[in-house]
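Here is the structure we will look at, set down as structure tokens.
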Amino acid sequence: MEHSPHASQKSLWLRSLAIVSPIILGYIPVGFAYGVLAKSQGLSAFNTVAMSVLVFAGSSQLIAVSLFGAGASAASIILTTFVVNLRHLLMSASLSPFLRGWKKSEITFFSFELTDESFAAHSARFPEGGANDKAETFCVNVMAQAGWVCGTVLGVLAGEAITDVRPIALDYALPAMFIALLAGQLKGKTHVFAALVAGAVSTGLSLAGVDQWGVIIATVTAALAATVWKEWISA
Amino acid sequence: MDQRLIFFVIVGMMAVTYLPRLLPALFLSSRSLSPVIVRFLGYVPAAVLSAMLFPSLLLREGRPDLSLDNLFLWAAIPCFLLAIRTRSMFGAVALGMGLVAAGRYFLGA
């Protein structure tokens with residue numbers, strides 16, 4: 001085996017799998033939940049899977065499905081998706097210093113599969129030189145999306161049998177995923193501070209009836225407050 | 001909405017999702033960012049996740065709910081502790097869904 005020309009390729013798959021397996025294990029239940037819910041809100045199997053292939057953004061897909069079900073207009077669904085996914089702007093910017101020297105076509109491909117979860121994985125890998133291993137980077141992204149699409153397909157297939165998602169708590173898949181991702185992001189006191197401010201502001205705005213922009217406003221406010229605290233107050 | 005129109009909405013969703021993912025990586029990568037901006041961006045993931053999470057735990061039908069039958073809120077605590085300990089997304093998702101499902105079954109909440 002050690003002289004096999006495929007040896008390095010095999011270790012690439014194993015290396016990537018080690019990084020991506022927690023993401024896939026999280027995506028399967030949430031993708032499944034999305035598939036079941038999309039079916040119950042009247043999306044065809046084709047459209048349900050197409051959204052996972054083309055959009056690939058879990059929370060906005062779940063939100064869009066409930067909007068389709070509620071009879072929302074095309075424009076309001078697209079606008080809501082835009083606002084909910086605008087956070088990727090900040091994630092994309094935060095990874096950008098590591099992508100110097102990448103070809104434009106490589107960045108174009110990489111960005112298509114930038115999610116909360118792949119961002120969390122790459123923001124841990126890149127400072128340790130992970131951005132130089134493009135094969136592993138792409139492998140992680142493609143395997144993650146494959147997991148998401150598989151979860152969706154399973155959900156569509158099971159959707160025939162499942163009429164109520166509450167008894168199996170499919171509606172808790174997304175909050176539970178956010179909890180797990182958040183746990184991995186609390187790297188110090190300032191991060192905890194940012195999280196608490198964002199949670200408080202977002203909850204307050206939601207109570208005040210600000211729906212679509214609440215997440216973005218809360219995120220920017222909290223990240224600014226944390227930066228000010230770290231740079232000028234605690235320093 | 002008919003399935004053809006739904007597909008066009010999905011294509012629109014793709015466009016508005018992809019551009020914010022792509023443009024900063026494409027146009028910022030050749031320039032260096034100031035350390036303050038890099039620090040700001042470092043707080044974004046924790047902030048955005050909390051901003052999406054907290055209202056779903058604390059509010060029910062648009063009102064604050066800290067009562068014992070708010071399963072989403074109470075299930076979040078063991079779920080969070082497990083995630084901190086094990087860093088396992090699957091474990092946390094399975095535990096969270098398990099607790100909420102069990103709570104609904106046994107408490108009828």
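Naming scheme: A, B, ... for chains in displayed order of the structure tokens; residues 1 onward per chain; ligands 1 onward as shown.
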
Which residues of chain B have any atom within 7 Å of an atom in chain A when counting only C-alpha atoms, and what is the closest pair of atoms for each, with the distance in Å to one decimal? Order the rows by chain and rising number and write it as a tab-separated table.
residue	atom	partner	partner_atom	distance
B:Gln3	CA	A:Ser44	CA	6.7
B:Phe7	CA	A:Asn47	CA	6.1
B:Val9	CA	A:Ala74	CA	5.9
B:Ile10	CA	A:Met51	CA	6.0
B:Gly12	CA	A:Ile78	CA	6.2
B:Met13	CA	A:Ile78	CA	5.2
B:Met14	CA	A:Val55	CA	4.6
B:Val16	CA	A:Phe82	CA	5.1
B:Thr17	CA	A:Asn85	CA	5.8
B:Tyr18	CA	A:Phe112	CA	6.0
B:Pro20	CA	A:Leu89	CA	4.5
B:Arg21	CA	A:His88	CA	5.2
B:Leu22	CA	A:Ser111	CA	5.1
B:Pro24	CA	A:Ala93	CA	4.9
B:Ala25	CA	A:Ser96	CA	4.6
B:Leu26	CA	A:Ile107	CA	6.4
B:Leu28	CA	A:Ser96	CA	6.0
B:Ser29	CA	A:Ser96	CA	4.6
B:Ser30	CA	A:Arg100	CA	5.6
B:Ser32	CA	A:Pro97	CA	6.6
B:Val38	CA	A:Ser94	CA	6.5
B:Arg39	CA	A:Thr227	CA	6.6
B:Phe40	CA	A:Thr227	CA	5.5
B:Leu41	CA	A:Ser94	CA	5.4
B:Gly42	CA	A:Ser94	CA	6.9
B:Tyr43	CA	A:Ala223	CA	5.2
B:Val44	CA	A:Ala223	CA	5.7
B:Pro45	CA	A:Gln185	CA	6.9
B:Ala46	CA	A:Ala195	CA	5.3
B:Ala47	CA	A:Ala195	CA	4.6
B:Val48	CA	A:Thr219	CA	5.1
B:Leu49	CA	A:Phe178	CA	6.0
B:Ser50	CA	A:Gly199	CA	4.9
B:Ala51	CA	A:Gly199	CA	4.6
B:Met52	CA	A:Val215	CA	6.2
B:Leu53	CA	A:Pro175	CA	6.0
B:Phe54	CA	A:Gly199	CA	5.1
B:Pro55	CA	A:Thr203	CA	4.8
B:Gly62	CA	A:Leu207	CA	6.2
B:Arg63	CA	A:Leu207	CA	6.9
B:Phe80	CA	A:Ile179	CA	5.8
B:Ala83	CA	A:Ala180	CA	5.1
B:Ile84	CA	A:Ala183	CA	5.3
B:Arg87	CA	A:Gly184	CA	6.6
B:Ser88	CA	A:Pro22	CA	6.3
B:Met89	CA	A:Ala180	CA	5.3
B:Phe90	CA	A:Gly26	CA	4.8
B:Ala92	CA	A:Ala180	CA	6.0
B:Val93	CA	A:Ala176	CA	4.9
B:Gly96	CA	A:Ala176	CA	5.7
B:Met97	CA	A:Ala169	CA	5.2
B:Val100	CA	A:Ala169	CA	5.9
B:Ala101	CA	A:Ala169	CA	5.0
B:Arg104	CA	A:Pro167	CA	6.7

Per-residue DSSP, chain B, filtered to helix (DSSP H, G or I), as a ChimeraX atom specification: /B:3-28,35-58,71-86,89-107

Contacts of Leu71 in chain B at 9 Å (only C-alpha atoms; same-chain gap of 5+ positions) as a list in words: Leu57, Ala76, Leu99, Val100, Gly103, Arg104 and Ala109 of chain B

Keeping C-alpha atoms, export the residues of the selection given above as a PDB file, in the first residue's frame.
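The new file part_23.pdb reads:
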ATOM      1  CA  LEU B  57     -35.182  29.915  23.022  1.00  0.00           C
ATOM      2  CA  ALA B  76     -30.618  24.178  25.583  1.00  0.00           C
ATOM      3  CA  LEU B  99     -34.895  15.982  25.277  1.00  0.00           C
ATOM      4  CA  VAL B 100     -37.527  18.061  23.479  1.00  0.00           C
ATOM      5  CA  GLY B 103     -40.484  16.423  27.173  1.00  0.00           C
ATOM      6  CA  ARG B 104     -43.380  16.591  24.725  1.00  0.00           C
ATOM      7  CA  ALA B 109     -45.756  20.363  26.817  1.00  0.00           C
TER       8      ALA B 109
END

Atomic distance CA of Asp2 in chain B - CA of Ala158 in chain A, expressed in Å with one decimal: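 Computing the Euclidean distance for CA of Asp2 in chain B and CA of Ala158 in chain A yields 22.6 Å.
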
d(CA of Leu37 in chain A, CA of Glu160 in chain A) in Å: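 About the pair CA of Leu37 in chain A and CA of Glu160 in chain A: they are 10.9 Å apart.
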
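CA of Ser16 in chain A is positioned 9.0 Å from CA of Ala135 in chain A.
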